[in-house]
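Colleague: Sharing protein24.txt (compact mmCIF, C-alpha atoms and all ligand atoms) below.
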# COMPACT_ATOMS: atom_id res chain seq x y z
CA MET A 1 -55.34 -90.25 -87.71
CA PRO A 2 -58.40 -91.27 -89.73
CA SER A 3 -59.85 -88.55 -91.93
CA THR A 4 -62.23 -88.26 -94.83
CA GLU A 5 -60.24 -85.60 -96.67
CA SER A 6 -59.44 -87.90 -99.61
CA ARG A 7 -63.02 -89.15 -99.82
CA THR A 8 -64.85 -86.09 -101.03
CA ALA A 9 -67.26 -87.53 -103.60
CA ILE A 10 -68.12 -90.57 -101.55
CA ASN A 11 -68.58 -88.40 -98.50
CA PHE A 12 -71.28 -86.46 -100.36
CA ALA A 13 -72.92 -89.66 -101.53
CA LEU A 14 -73.27 -91.02 -98.01
CA SER A 15 -76.53 -90.48 -96.16
CA GLU A 16 -76.52 -88.72 -92.82
CA GLU A 17 -77.08 -92.07 -91.11
CA GLN A 18 -74.15 -93.66 -92.93
CA ARG A 19 -71.88 -90.80 -91.93
CA ALA A 20 -73.02 -91.22 -88.33
CA VAL A 21 -72.12 -94.94 -88.47
CA ARG A 22 -68.69 -94.11 -89.90
CA ASP A 23 -68.08 -91.43 -87.27
CA ALA A 24 -69.14 -93.80 -84.48
CA ALA A 25 -66.67 -96.42 -85.75
CA ARG A 26 -63.91 -93.84 -85.95
CA GLU A 27 -64.59 -92.52 -82.46
CA PHE A 28 -64.69 -96.04 -81.04
CA ALA A 29 -61.41 -96.96 -82.77
CA LEU A 30 -59.61 -93.85 -81.52
CA LYS A 31 -60.98 -94.00 -77.98
CA GLU A 32 -61.06 -97.71 -77.20
CA ILE A 33 -58.59 -99.37 -79.56
CA ASP A 34 -55.82 -96.87 -80.29
CA PRO A 35 -54.52 -96.78 -76.68
CA ILE A 36 -53.99 -100.56 -76.59
CA VAL A 37 -52.89 -101.26 -80.18
CA ASP A 38 -49.19 -101.76 -79.43
CA GLU A 39 -49.79 -103.81 -76.29
CA ILE A 40 -52.20 -106.31 -77.87
CA ASP A 41 -49.96 -106.63 -80.93
CA GLU A 42 -46.88 -107.33 -78.84
CA GLU A 43 -48.70 -109.79 -76.57
CA GLN A 44 -50.73 -111.32 -79.43
CA ARG A 45 -53.76 -110.89 -77.18
CA PHE A 46 -57.25 -110.99 -78.62
CA PRO A 47 -59.01 -108.12 -76.78
CA THR A 48 -62.30 -109.70 -75.69
CA GLU A 49 -63.26 -106.47 -73.91
CA VAL A 50 -63.01 -104.46 -77.15
CA PHE A 51 -65.10 -107.08 -78.93
CA ARG A 52 -67.82 -106.86 -76.31
CA GLN A 53 -67.92 -103.08 -76.69
CA ALA A 54 -68.04 -103.43 -80.47
CA GLY A 55 -71.05 -105.69 -79.95
CA GLU A 56 -72.81 -103.07 -77.86
CA LEU A 57 -72.37 -100.57 -80.70
CA GLY A 58 -73.91 -103.02 -83.18
CA PHE A 59 -70.64 -103.65 -85.05
CA LEU A 60 -70.88 -107.43 -84.62
CA GLY A 61 -74.25 -107.76 -86.31
CA ILE A 62 -74.01 -105.03 -88.92
CA LEU A 63 -75.61 -107.06 -91.73
CA VAL A 64 -78.08 -108.90 -89.51
CA PRO A 65 -81.74 -107.80 -89.53
CA GLU A 66 -82.97 -106.25 -86.30
CA GLU A 67 -85.36 -109.18 -85.67
CA TYR A 68 -82.25 -111.37 -85.18
CA GLY A 69 -80.50 -108.93 -82.85
CA GLY A 70 -78.51 -107.07 -85.50
CA ALA A 71 -78.17 -103.51 -86.71
CA GLY A 72 -80.05 -104.21 -89.95
CA MET A 73 -77.63 -102.27 -92.13
CA GLY A 74 -76.11 -102.94 -95.53
CA TYR A 75 -72.66 -103.44 -97.04
CA VAL A 76 -72.00 -99.70 -97.43
CA GLU A 77 -72.24 -99.21 -93.66
CA TYR A 78 -70.33 -102.44 -93.18
CA VAL A 79 -67.30 -101.37 -95.25
CA LEU A 80 -67.30 -97.97 -93.55
CA VAL A 81 -67.00 -99.67 -90.16
CA ILE A 82 -64.32 -102.17 -91.25
CA SER A 83 -62.18 -99.55 -92.98
CA GLU A 84 -62.39 -97.12 -90.05
CA LEU A 85 -61.42 -99.82 -87.51
CA SER A 86 -58.61 -101.03 -89.78
CA GLN A 87 -57.05 -97.58 -90.07
CA VAL A 88 -56.39 -97.80 -86.35
CA ASP A 89 -55.88 -101.55 -85.91
CA PRO A 90 -56.08 -104.03 -88.80
CA SER A 91 -56.26 -106.89 -86.25
CA ILE A 92 -59.60 -105.63 -85.01
CA GLY A 93 -60.73 -104.92 -88.57
CA LEU A 94 -59.91 -108.51 -89.54
CA SER A 95 -61.62 -110.03 -86.50
CA VAL A 96 -64.79 -107.94 -86.84
CA ALA A 97 -64.87 -108.83 -90.55
CA ALA A 98 -64.50 -112.59 -89.96
CA HIS A 99 -67.15 -112.56 -87.23
CA ASN A 100 -69.67 -110.63 -89.35
CA SER A 101 -69.23 -111.75 -92.91
CA LEU A 102 -68.06 -115.33 -92.48
CA CYS A 103 -69.57 -117.01 -89.43
CA THR A 104 -72.63 -114.88 -88.68
CA ASN A 105 -73.52 -114.29 -92.29
CA HIS A 106 -73.21 -117.99 -93.14
CA ILE A 107 -75.71 -119.02 -90.47
CA LEU A 108 -77.99 -116.10 -91.36
CA LYS A 109 -77.95 -116.98 -95.05
CA PHE A 110 -78.20 -120.75 -94.92
CA GLY A 111 -79.54 -121.54 -91.44
CA SER A 112 -83.15 -122.42 -90.64
CA GLU A 113 -85.33 -120.05 -88.61
CA GLU A 114 -84.55 -122.07 -85.48
CA GLN A 115 -80.79 -122.01 -86.19
CA ARG A 116 -80.86 -118.26 -86.74
CA ARG A 117 -82.62 -117.72 -83.41
CA ARG A 118 -80.21 -120.04 -81.60
CA TRP A 119 -76.88 -118.85 -83.05
CA VAL A 120 -77.26 -115.61 -85.04
CA VAL A 121 -78.94 -113.64 -82.24
CA PRO A 122 -76.09 -114.04 -79.68
CA LEU A 123 -73.48 -113.53 -82.41
CA ALA A 124 -75.12 -110.33 -83.66
CA ARG A 125 -75.38 -108.96 -80.12
CA GLY A 126 -71.69 -109.70 -79.51
CA GLU A 127 -72.44 -112.13 -76.70
CA LYS A 128 -70.68 -114.90 -78.65
CA ILE A 129 -67.67 -114.87 -80.94
CA GLY A 130 -67.90 -116.48 -84.37
CA ALA A 131 -65.38 -118.49 -86.41
CA TRP A 132 -65.51 -120.05 -89.89
CA SER A 133 -63.28 -122.97 -90.73
CA LEU A 134 -62.76 -123.91 -94.34
CA THR A 135 -58.98 -123.99 -94.84
CA GLU A 136 -57.07 -127.20 -94.10
CA PRO A 137 -53.33 -127.88 -94.09
CA GLY A 138 -53.64 -129.51 -97.52
CA ALA A 139 -56.60 -127.48 -98.84
CA GLY A 140 -56.07 -123.71 -99.03
CA SER A 141 -56.65 -122.15 -102.44
CA ASP A 142 -58.03 -125.52 -103.48
CA ALA A 143 -60.77 -125.58 -100.84
CA ALA A 144 -62.60 -128.34 -102.68
CA GLY A 145 -59.71 -130.59 -101.64
CA THR A 146 -61.14 -130.69 -98.07
CA THR A 147 -60.48 -134.00 -96.32
CA SER A 148 -62.29 -133.48 -92.98
CA ARG A 149 -65.09 -136.03 -92.81
CA ALA A 150 -68.60 -136.05 -91.36
CA GLU A 151 -70.18 -139.48 -91.14
CA LYS A 152 -73.90 -139.93 -90.74
CA VAL A 153 -74.99 -141.78 -87.59
CA ASP A 154 -78.36 -142.15 -85.91
CA GLY A 155 -79.65 -138.64 -85.08
CA GLY A 156 -76.51 -136.78 -86.11
CA TRP A 157 -73.02 -136.63 -87.56
CA VAL A 158 -69.55 -137.60 -86.37
CA LEU A 159 -66.86 -135.18 -87.51
CA ASN A 160 -63.14 -135.90 -87.82
CA GLY A 161 -60.39 -133.74 -89.24
CA ALA A 162 -58.16 -130.72 -88.74
CA LYS A 163 -58.56 -127.16 -89.95
CA THR A 164 -55.87 -124.53 -90.08
CA PHE A 165 -55.67 -120.71 -89.97
CA THR A 166 -59.13 -120.24 -88.46
CA THR A 167 -59.73 -116.67 -87.29
CA HIS A 168 -61.01 -117.06 -83.69
CA GLY A 169 -60.05 -120.74 -83.76
CA SER A 170 -59.15 -120.57 -80.08
CA VAL A 171 -61.46 -117.80 -78.80
CA GLY A 172 -64.56 -118.55 -80.87
CA ASP A 173 -67.81 -119.79 -79.29
CA TYR A 174 -69.47 -120.99 -82.49
CA CYS A 175 -67.58 -122.29 -85.49
CA VAL A 176 -68.98 -123.04 -88.94
CA VAL A 177 -66.91 -125.98 -90.23
CA PHE A 178 -66.87 -127.74 -93.58
CA ALA A 179 -66.53 -131.49 -93.90
CA VAL A 180 -67.00 -134.07 -96.64
CA THR A 181 -70.34 -135.83 -96.19
CA ASP A 182 -70.49 -137.63 -99.55
CA PRO A 183 -66.99 -138.81 -100.48
CA ASP A 184 -68.24 -140.36 -103.71
CA GLY A 185 -70.28 -137.29 -104.67
CA PRO A 186 -69.30 -134.76 -107.36
CA ARG A 187 -66.30 -132.58 -106.40
CA HIS A 188 -68.23 -129.38 -105.64
CA HIS A 189 -71.25 -131.11 -104.10
CA ASN A 190 -69.69 -133.47 -101.61
CA MET A 191 -69.16 -131.36 -98.50
CA SER A 192 -71.51 -129.78 -95.97
CA ALA A 193 -71.37 -127.02 -93.38
CA PHE A 194 -72.01 -127.59 -89.67
CA VAL A 195 -72.09 -125.40 -86.58
CA LEU A 196 -69.83 -126.59 -83.77
CA GLU A 197 -70.16 -125.08 -80.31
CA LYS A 198 -67.27 -124.51 -77.94
CA GLY A 199 -67.20 -127.23 -75.29
CA THR A 200 -68.61 -129.96 -77.55
CA GLU A 201 -66.74 -133.20 -76.87
CA GLY A 202 -64.14 -133.91 -79.54
CA PHE A 203 -64.00 -130.28 -80.75
CA ARG A 204 -61.04 -128.19 -79.61
CA PRO A 205 -58.59 -125.52 -80.72
CA GLY A 206 -55.18 -126.71 -81.84
CA LYS A 207 -52.03 -124.61 -82.13
CA LYS A 208 -52.48 -120.85 -81.90
CA GLU A 209 -50.38 -119.31 -84.68
CA ASN A 210 -47.53 -116.89 -83.96
CA LYS A 211 -47.96 -114.45 -86.83
CA LEU A 212 -46.09 -111.74 -88.74
CA GLY A 213 -49.05 -109.35 -88.63
CA THR A 214 -52.62 -108.87 -87.38
CA ARG A 215 -51.23 -110.45 -84.26
CA ALA A 216 -54.10 -109.47 -81.96
CA SER A 217 -56.55 -111.28 -84.22
CA ASP A 218 -56.65 -114.87 -82.98
CA THR A 219 -55.65 -117.46 -85.62
CA ALA A 220 -55.58 -121.13 -84.68
CA GLU A 221 -56.02 -124.71 -85.77
CA VAL A 222 -59.35 -126.38 -85.12
CA ILE A 223 -59.40 -130.09 -84.32
CA MET A 224 -62.34 -132.48 -84.59
CA GLU A 225 -61.92 -135.94 -83.06
CA ASN A 226 -65.02 -138.11 -83.14
CA CYS A 227 -67.05 -134.98 -82.54
CA LEU A 228 -70.76 -135.89 -82.45
CA VAL A 229 -73.30 -133.20 -83.38
CA PRO A 230 -77.07 -133.57 -83.74
CA ASP A 231 -78.76 -133.33 -87.14
CA ASP A 232 -79.91 -129.78 -86.48
CA HIS A 233 -76.29 -128.55 -86.64
CA LEU A 234 -76.17 -129.12 -90.41
CA LEU A 235 -76.57 -125.80 -92.28
CA GLY A 236 -78.76 -125.91 -95.37
CA GLU A 237 -78.69 -128.85 -97.73
CA ARG A 238 -76.33 -131.78 -97.36
CA GLY A 239 -73.63 -131.62 -100.07
CA GLU A 240 -74.00 -127.86 -100.64
CA GLY A 241 -71.23 -126.65 -98.28
CA PHE A 242 -68.77 -125.73 -101.02
CA ILE A 243 -71.35 -123.72 -102.98
CA GLN A 244 -72.40 -121.99 -99.76
CA ALA A 245 -68.75 -121.15 -99.06
CA LEU A 246 -68.33 -119.53 -102.49
CA LYS A 247 -71.37 -117.33 -101.87
CA ILE A 248 -70.12 -116.34 -98.43
CA LEU A 249 -66.68 -115.53 -99.86
CA ASP A 250 -68.19 -112.95 -102.24
CA GLY A 251 -69.17 -110.88 -99.20
CA GLY A 252 -66.02 -111.90 -97.34
CA ARG A 253 -63.87 -110.49 -100.12
CA ILE A 254 -65.59 -107.13 -99.78
CA SER A 255 -64.62 -107.28 -96.08
CA ILE A 256 -60.97 -107.90 -96.85
CA ALA A 257 -61.10 -105.17 -99.50
CA ALA A 258 -62.37 -102.78 -96.78
CA LEU A 259 -59.57 -103.99 -94.50
CA GLY A 260 -57.09 -103.23 -97.30
CA LEU A 261 -58.59 -99.79 -97.83
CA GLY A 262 -58.28 -99.01 -94.11
CA ILE A 263 -54.64 -100.14 -94.03
CA ALA A 264 -53.79 -98.20 -97.21
CA GLU A 265 -55.34 -95.05 -95.83
CA GLY A 266 -53.84 -95.50 -92.37
CA ALA A 267 -50.36 -96.01 -93.83
CA TYR A 268 -50.78 -93.03 -96.16
CA ARG A 269 -51.97 -90.65 -93.45
CA THR A 270 -49.21 -91.71 -91.07
CA ALA A 271 -46.62 -91.07 -93.79
CA LEU A 272 -48.19 -87.74 -94.82
CA ALA A 273 -47.97 -86.44 -91.25
CA TYR A 274 -44.42 -87.71 -90.78
CA ALA A 275 -43.19 -86.21 -94.06
CA GLN A 276 -44.29 -82.77 -92.90
CA GLU A 277 -42.59 -83.09 -89.51
CA ARG A 278 -39.30 -84.79 -90.35
CA GLU A 279 -36.57 -82.41 -91.44
CA GLN A 280 -33.42 -83.25 -93.39
CA PHE A 281 -31.10 -80.88 -95.24
CA GLY A 282 -32.78 -78.03 -93.38
CA ARG A 283 -36.33 -78.62 -94.59
CA PRO A 284 -39.28 -81.00 -94.12
CA ILE A 285 -38.79 -84.11 -96.26
CA ALA A 286 -42.26 -83.43 -97.77
CA GLN A 287 -40.57 -80.67 -99.76
CA PHE A 288 -38.51 -83.22 -101.71
CA GLN A 289 -40.16 -84.23 -104.95
CA ALA A 290 -39.21 -87.87 -104.44
CA ILE A 291 -41.28 -87.96 -101.24
CA GLN A 292 -44.12 -85.99 -102.85
CA PHE A 293 -44.31 -88.58 -105.63
CA HIS A 294 -44.52 -91.40 -103.10
CA LEU A 295 -47.37 -89.57 -101.35
CA ALA A 296 -49.17 -88.81 -104.60
CA GLU A 297 -49.10 -92.47 -105.63
CA MET A 298 -50.31 -93.57 -102.21
CA ALA A 299 -53.17 -91.04 -102.17
CA THR A 300 -54.26 -92.08 -105.66
CA ARG A 301 -54.37 -95.75 -104.71
CA VAL A 302 -56.36 -94.97 -101.56
CA VAL A 303 -59.04 -93.09 -103.43
CA ALA A 304 -59.16 -95.67 -106.24
CA ALA A 305 -59.44 -98.49 -103.69
CA GLU A 306 -62.24 -96.67 -101.95
CA ALA A 307 -64.17 -96.22 -105.20
CA LEU A 308 -63.90 -99.96 -105.96
CA VAL A 309 -64.77 -101.05 -102.43
CA MET A 310 -67.80 -98.76 -102.41
CA ALA A 311 -68.86 -99.98 -105.87
CA ALA A 312 -68.71 -103.58 -104.64
CA ALA A 313 -70.65 -102.70 -101.47
CA LEU A 314 -73.33 -100.82 -103.40
CA GLU A 315 -73.71 -103.67 -105.90
CA MET A 316 -73.94 -106.19 -103.08
CA ASP A 317 -76.74 -104.16 -101.49
CA ARG A 318 -78.46 -103.70 -104.86
CA SER A 319 -78.27 -107.10 -106.55
CA GLY A 320 -76.15 -109.41 -104.42
CA LYS A 321 -74.30 -110.42 -107.59
CA VAL A 322 -70.75 -109.33 -106.95
CA THR A 323 -68.43 -112.25 -107.69
CA ARG A 324 -66.33 -110.24 -110.16
CA LEU A 325 -66.58 -106.85 -108.45
CA ALA A 326 -65.78 -108.27 -105.00
CA ALA A 327 -62.71 -110.03 -106.41
CA GLU A 328 -61.63 -106.84 -108.22
CA ALA A 329 -62.09 -104.76 -105.07
CA LYS A 330 -60.18 -107.25 -102.96
CA LEU A 331 -57.37 -107.58 -105.48
CA PHE A 332 -56.93 -103.83 -105.92
CA ALA A 333 -57.44 -102.74 -102.31
CA GLY A 334 -55.27 -105.58 -100.99
CA GLU A 335 -52.42 -104.67 -103.31
CA ALA A 336 -52.95 -100.96 -102.46
CA ALA A 337 -52.55 -101.82 -98.77
CA VAL A 338 -49.23 -103.54 -99.47
CA PHE A 339 -48.04 -100.69 -101.73
CA CYS A 340 -48.95 -97.92 -99.29
CA SER A 341 -47.51 -99.78 -96.30
CA GLU A 342 -44.20 -100.30 -98.09
CA ARG A 343 -44.01 -96.67 -99.22
CA GLY A 344 -44.98 -95.61 -95.70
CA VAL A 345 -41.95 -97.38 -94.27
CA GLN A 346 -39.75 -95.85 -96.99
CA ILE A 347 -40.91 -92.34 -96.14
CA HIS A 348 -40.14 -93.00 -92.47
CA GLY A 349 -36.57 -94.03 -93.31
CA GLY A 350 -34.94 -95.95 -90.46
CA TYR A 351 -37.80 -95.03 -88.14
CA GLY A 352 -40.07 -97.06 -90.38
CA LEU A 353 -38.45 -100.17 -88.95
CA ILE A 354 -38.96 -99.12 -85.36
CA LYS A 355 -42.01 -100.19 -83.38
CA ASP A 356 -42.51 -96.69 -81.95
CA TYR A 357 -44.04 -95.75 -85.32
CA ARG A 358 -47.22 -97.26 -86.78
CA ALA A 359 -45.63 -97.52 -90.25
CA GLU A 360 -43.86 -100.67 -89.05
CA LYS A 361 -47.13 -102.28 -87.98
CA PHE A 362 -49.01 -101.48 -91.18
CA TYR A 363 -46.11 -103.08 -93.09
CA ARG A 364 -46.59 -106.33 -91.13
CA ASP A 365 -50.38 -106.25 -91.01
CA CYS A 366 -50.98 -105.55 -94.72
CA LYS A 367 -49.98 -108.99 -96.05
CA ILE A 368 -53.16 -110.71 -94.92
CA CYS A 369 -55.00 -108.64 -97.56
CA THR A 370 -53.32 -110.40 -100.48
CA ILE A 371 -53.67 -113.86 -98.93
CA GLY A 372 -56.79 -114.31 -96.74
CA GLU A 373 -60.12 -115.29 -98.36
CA GLY A 374 -58.34 -116.07 -101.61
CA THR A 375 -54.87 -114.91 -102.59
CA SER A 376 -54.31 -112.17 -105.20
CA GLU A 377 -53.54 -114.94 -107.72
CA ILE A 378 -56.88 -116.61 -106.98
CA GLN A 379 -58.70 -113.25 -107.32
CA ARG A 380 -57.20 -112.90 -110.79
CA LEU A 381 -58.47 -116.38 -111.64
CA VAL A 382 -61.96 -115.52 -110.36
CA ILE A 383 -62.05 -112.26 -112.35
CA ALA A 384 -60.76 -113.91 -115.53
CA ARG A 385 -63.32 -116.71 -115.22
CA GLN A 386 -66.10 -114.13 -114.98
CA LEU A 387 -64.73 -112.21 -117.98
CA LEU A 388 -64.52 -115.36 -120.09
CA LYS A 389 -67.78 -116.92 -118.90
CA GLY A 390 -69.42 -118.92 -121.63
CA MET A 391 -66.23 -119.28 -123.64
C1 LIG B 401 -54.29 -114.52 -90.61
C2 LIG B 401 -55.10 -115.51 -91.41
C3 LIG B 401 -56.45 -115.65 -91.13
C4 LIG B 401 -57.21 -116.59 -91.85
N1 LIG B 401 -58.52 -116.82 -91.49
C5 LIG B 401 -59.19 -117.84 -92.06
C6 LIG B 401 -60.50 -118.21 -91.59
O1 LIG B 401 -61.05 -117.58 -90.69
N2 LIG B 401 -61.11 -119.28 -92.14
C7 LIG B 401 -60.53 -120.01 -93.15
O2 LIG B 401 -61.13 -120.99 -93.60
N3 LIG B 401 -59.28 -119.68 -93.62
C8 LIG B 401 -58.61 -118.63 -93.11
N4 LIG B 401 -57.34 -118.31 -93.56
C9 LIG B 401 -56.75 -119.09 -94.63
C10 LIG B 401 -56.61 -118.36 -95.96
O3 LIG B 401 -57.85 -118.16 -96.56
C11 LIG B 401 -55.63 -119.17 -96.82
O4 LIG B 401 -54.34 -119.01 -96.25
C12 LIG B 401 -55.63 -118.78 -98.27
O5 LIG B 401 -56.85 -119.12 -98.89
C13 LIG B 401 -54.46 -119.41 -99.07
O6 LIG B 401 -54.35 -120.77 -98.83
P1 LIG B 401 -52.92 -121.40 -98.43
O7 LIG B 401 -52.40 -120.60 -97.29
O8 LIG B 401 -53.08 -122.85 -98.23
O9 LIG B 401 -51.99 -121.10 -99.69
P2 LIG B 401 -51.82 -122.04 -100.99
O10 LIG B 401 -53.16 -122.36 -101.56
O11 LIG B 401 -50.91 -123.16 -100.66
O12 LIG B 401 -51.09 -121.04 -101.98
C14 LIG B 401 -49.67 -120.86 -102.02
C15 LIG B 401 -49.34 -119.98 -103.23
O13 LIG B 401 -49.73 -120.66 -104.44
C16 LIG B 401 -50.61 -119.85 -105.18
N5 LIG B 401 -51.59 -120.68 -105.88
C17 LIG B 401 -52.33 -121.70 -105.40
N6 LIG B 401 -53.15 -122.19 -106.33
C18 LIG B 401 -52.93 -121.46 -107.46
C19 LIG B 401 -53.47 -121.48 -108.79
N7 LIG B 401 -54.44 -122.33 -109.15
N8 LIG B 401 -53.01 -120.57 -109.68
C20 LIG B 401 -52.06 -119.67 -109.33
N9 LIG B 401 -51.50 -119.62 -108.10
C21 LIG B 401 -51.94 -120.50 -107.16
C22 LIG B 401 -51.25 -118.93 -104.17
O14 LIG B 401 -51.78 -117.76 -104.76
C23 LIG B 401 -50.08 -118.67 -103.23
O15 LIG B 401 -49.29 -117.65 -103.75
C24 LIG B 401 -56.59 -117.34 -92.89
C25 LIG B 401 -55.24 -117.14 -93.20
C26 LIG B 401 -54.49 -116.24 -92.47
C27 LIG B 401 -53.03 -116.09 -92.80
Output the file's structure in the form of C-alpha cells.
Ligand SMILES: Cc1cc2nc3c(=O)[nH]c(=O)nc-3n(C[C@H](O)[C@H](O)[C@H](O)COP(=O)(O)OP(=O)(O)OC[C@H]3O[C@@H](n4cnc5c(N)ncnc54)[C@H](O)[C@@H]3O)c2cc1C
Modeller:
Amino acid sequence: MPSTESRTAINFALSEEQRAVRDAAREFALKEIDPIVDEIDEEQRFPTEVFRQAGELGFLGILVPEEYGGAGMGYVEYVLVISELSQVDPSIGLSVAAHNSLCTNHILKFGSEEQRRRWVVPLARGEKIGAWSLTEPGAGSDAAGTTSRAEKVDGGWVLNGAKTFTTHGSVGDYCVVFAVTDPDGPRHHNMSAFVLEKGTEGFRPGKKENKLGTRASDTAEVIMENCLVPDDHLLGERGEGFIQALKILDGGRISIAALGLGIAEGAYRTALAYAQEREQFGRPIAQFQAIQFHLAEMATRVVAAEALVMAAALEMDRSGKVTRLAAEAKLFAGEAAVFCSERGVQIHGGYGLIKDYRAEKFYRDCKICTIGEGTSEIQRLVIARQLLKGM
C-alpha cells in the first residue's frame, strides 16, 4: 500500500499541486492497476486500456508543454507519478517512463515544429504509444557500436537492421530508431535518429521477449527491411543521433531511478505489513531484532533513494545538467530496489516465493533497474568520468 510516511521532508517541500499529482497517480494505480496486476503479469499482456486511461489523466505527456497536448509539468511531478505507479506495478511504471522520457521527449527535444505537431501531440494525449530503439543484439552498453544502416536515396532514407529489447517494440505506434548514416564518419557522429510509424512497409516487430520481470511491459525486437521513410522523418541534424541519445538518457535515467524508488518502497511496505501480521514462536516476526534490522535497512535505503531521485529531478528542472546526478540516482535507487526486494522475500520466508504475495513479483521486477538505460557498471563509469573530467 503506497504511503508517504517515510517521505516527511520531501512531503513538506512539495507544492499543493505536486501533492495533488502524486495523489492522483496513487489513486489511479490502486483503482485501475492493482486489481489486474497479477493477471497481466501472468499473461504478459500489455494493458492498452490502462495506458489510454493514463493518457486521459495526462500521465503520458507529463513533460510536454500544454501547446503540444501535454500536462506541462516538470521532472519533480514526473518522478512522483513514476514512483507511485511503480509501487503498485513496475511494468506500468516502466512503460509510462519509456513512453514519456524516451520516445516522446526525444521528438519534443530534437524534432522540428512540424514533427512535434505530427507526433508529440498524439503521444502526449495517449492516443499513440511511443517506443525508442537504440539497443541492438551486438550493441548494448556500447551503443556507439550500432550497425543498423540508413542509406540516403532521393527524397528519403532506406533503413535496414535489427534492434533488440525495445519497450513497446510490438505495441508501439511511433518508434524513434537509430541507424548509421555516415559509416565513415567519426564514431560518435555517424548515426542519426528517425521516426518510424507502425504500418510502414519494411518496419515490423520481431520476437516478443518472454521475461523474468516487468512482464506486462511489452519488450520486443524491431526489424527494418528496406524500410523507406521520407526526409522529414529524420530528427535533428544528420550524424547527431548518438549525442541526442546521450542527452535523452540523462532524463531516462531519472525515470529508471524513480522506478527503482517505487519498487524499493513497494517491497519495503509489503514486508513491513507482513512482519506485523506473521506470527512465529508466539509473536509477530516484527518483534525479532533480525527482522527489525532488515526493515531498518530497507527504510533507510528508500528514504536515501528518494532524496537522490528528487535531487536529480530538481536539478533537471533547474539547469538540465544532470549527467552525474542522474547516473548517481539511477545507480543508488536501482540497487536499493534490488536490495529491498531481496530482503522483502527474506522477511516473507517461504511465502516470499509464492505468487500470492507481491514480494515475489518485486523480486522479479527489480532487476530491470540495474540493467535498463545503462547497467549499474555503466552508471559507475559515467559518474567516474564526470568526477575525473579534465584529467
Ligand atoms: C526489459 C528491458 C527493456 C528495455 N527497453 C529498452 C528500450 O526501450 N530501448 C532500448 O534501446 N533498449 C532497451 N533495453 C536495453 C537495455 O538498455 C540494455 O539491455 C542495456 O543497456 C545493457 O545492454 P546489454 O543487455 O547488451 O548488456 P551488455 O552491454 O552486453 O552488458 C553485459 C554485462 O557487461 C557489463 N559491461 C559492458 N560493458 C562494460 C564496461 N565497459 N565496463 C564494465 N562492465 C561492462 C554490463 O554492465 C553487464 O553487466 C531494455 C532492456 C530490457 C531488459
Colleague: Could you pull out the residues sitting within 6 Å of ligand LIG 401 (chain B), using all atoms listed in the file, and write them as a list in words?
Modeller: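 Taking all atoms listed in the file into account, the residues around ligand LIG 401 (chain B) at most 6 Å away are Trp132, Ser133, Leu134, Thr135, Ala139, Gly140, Ser141, Phe165, Thr166, Thr167, Thr219, Ile368, Ile371, Gly372, Glu373, Gly374, Thr375, Glu377 and Ile378 of chain A.
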Colleague: Let's have the selection written as a tab-separated table (two decimals), keeping the file's coordinate frame, with C-alpha atoms.
Modeller:
chain	number	residue	atom	x	y	z
A	132	TRP	CA	-65.51	-120.05	-89.89
A	133	SER	CA	-63.28	-122.97	-90.73
A	134	LEU	CA	-62.76	-123.91	-94.34
A	135	THR	CA	-58.98	-123.99	-94.84
A	139	ALA	CA	-56.60	-127.48	-98.84
A	140	GLY	CA	-56.07	-123.71	-99.03
A	141	SER	CA	-56.65	-122.15	-102.44
A	165	PHE	CA	-55.67	-120.71	-89.97
A	166	THR	CA	-59.13	-120.24	-88.46
A	167	THR	CA	-59.73	-116.67	-87.29
A	219	THR	CA	-55.65	-117.46	-85.62
A	368	ILE	CA	-53.16	-110.71	-94.92
A	371	ILE	CA	-53.67	-113.86	-98.93
A	372	GLY	CA	-56.79	-114.31	-96.74
A	373	GLU	CA	-60.12	-115.29	-98.36
A	374	GLY	CA	-58.34	-116.07	-101.61
A	375	THR	CA	-54.87	-114.91	-102.59
A	377	GLU	CA	-53.54	-114.94	-107.72
A	378	ILE	CA	-56.88	-116.61	-106.98
Colleague: Do you have the atom CA of Val79 of chain A-atom CA of Thr164 of chain A distance handy?
Modeller: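 Computing the Euclidean distance for atom CA of Val79 of chain A and atom CA of Thr164 of chain A yields 26.3 Å.
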Colleague: Rank nothing, just name the residue among A:Asn100, A:Gln292, A:Thr146, A:Gln115 nearest to Ser192 of chain A, using only C-alpha atoms.
Modeller: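 Of A:Asn100, A:Gln292, A:Thr146, A:Gln115, the one nearest Ser192 of chain A, counting only C-alpha atoms, is A:Thr146.
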Colleague: Quick one: residues within 8 Å of Ala336 of chain A, all atoms listed in the file counted, chain neighbours fewer than 6 positions away excluded, as a VMD selection string?
Modeller: chain A and resid 260 to 261 264 298 301 to 302 305
Colleague: Report as JSON, numbers by chain all protein, DNA and RNA residues lying within 12 Å of Pro90 of chain A, evaluated on all atoms listed in the file, omitting residues in the same chain fewer than 4 positions from it.
Modeller: {"A": [29, 33, 34, 37, 38, 40, 41, 81, 82, 83, 84, 85, 86, 94, 95, 96, 97, 213, 214, 215, 216, 217, 255, 256, 257, 258, 259, 260, 261, 262, 263, 264, 265, 266, 267, 337, 358, 361, 362, 363, 364, 365, 366, 367, 368, 369]}
Colleague: Would you work out the distance separating atom CA of Gln18 of chain A from atom CA of Arg118 of chain A, expressed in Å to one decimal?
Modeller: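 Atom CA of Arg118 of chain A lies at a distance of 29.3 Å from atom CA of Gln18 of chain A.
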Colleague: Using atom CA of Pro122 of chain A and atom CA of Glu151 of chain A as the two end points, give the distance in Å to one decimal.
Modeller: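 Distance between the two atoms: 28.5 Å.
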Colleague: Which of these residues is nearest to Glu42 of chain A, using all atoms listed in the file: A:Leu246, A:Glu279, A:Pro137, A:Ser91?
Modeller: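 Closest to Glu42 of chain A, using all atoms listed in the file: A:Ser91.
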Colleague: Given the point (-70.8, -128.1, -86.9) in the coordinates of this file, which residues lie within 8 Å, counting all atoms listed in the file, and how would they look as a short mmCIF file (atom, residue, chain, number, x, y, z; two decimals) with C-alpha atoms, in the coordinates of the input?
Modeller:
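Written output follows (selection25.cif):
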data_model
loop_
_atom_site.label_atom_id
_atom_site.label_comp_id
_atom_site.auth_asym_id
_atom_site.auth_seq_id
_atom_site.Cartn_x
_atom_site.Cartn_y
_atom_site.Cartn_z
CA CYS A 175 -67.58 -122.29 -85.49
CA VAL A 176 -68.98 -123.04 -88.94
CA VAL A 177 -66.91 -125.98 -90.23
CA PHE A 178 -66.87 -127.74 -93.58
CA ALA A 193 -71.37 -127.02 -93.38
CA PHE A 194 -72.01 -127.59 -89.67
CA VAL A 195 -72.09 -125.40 -86.58
CA LEU A 196 -69.83 -126.59 -83.77
CA GLU A 197 -70.16 -125.08 -80.31
CA VAL A 229 -73.30 -133.20 -83.38
CA HIS A 233 -76.29 -128.55 -86.64
CA LEU A 234 -76.17 -129.12 -90.41
#
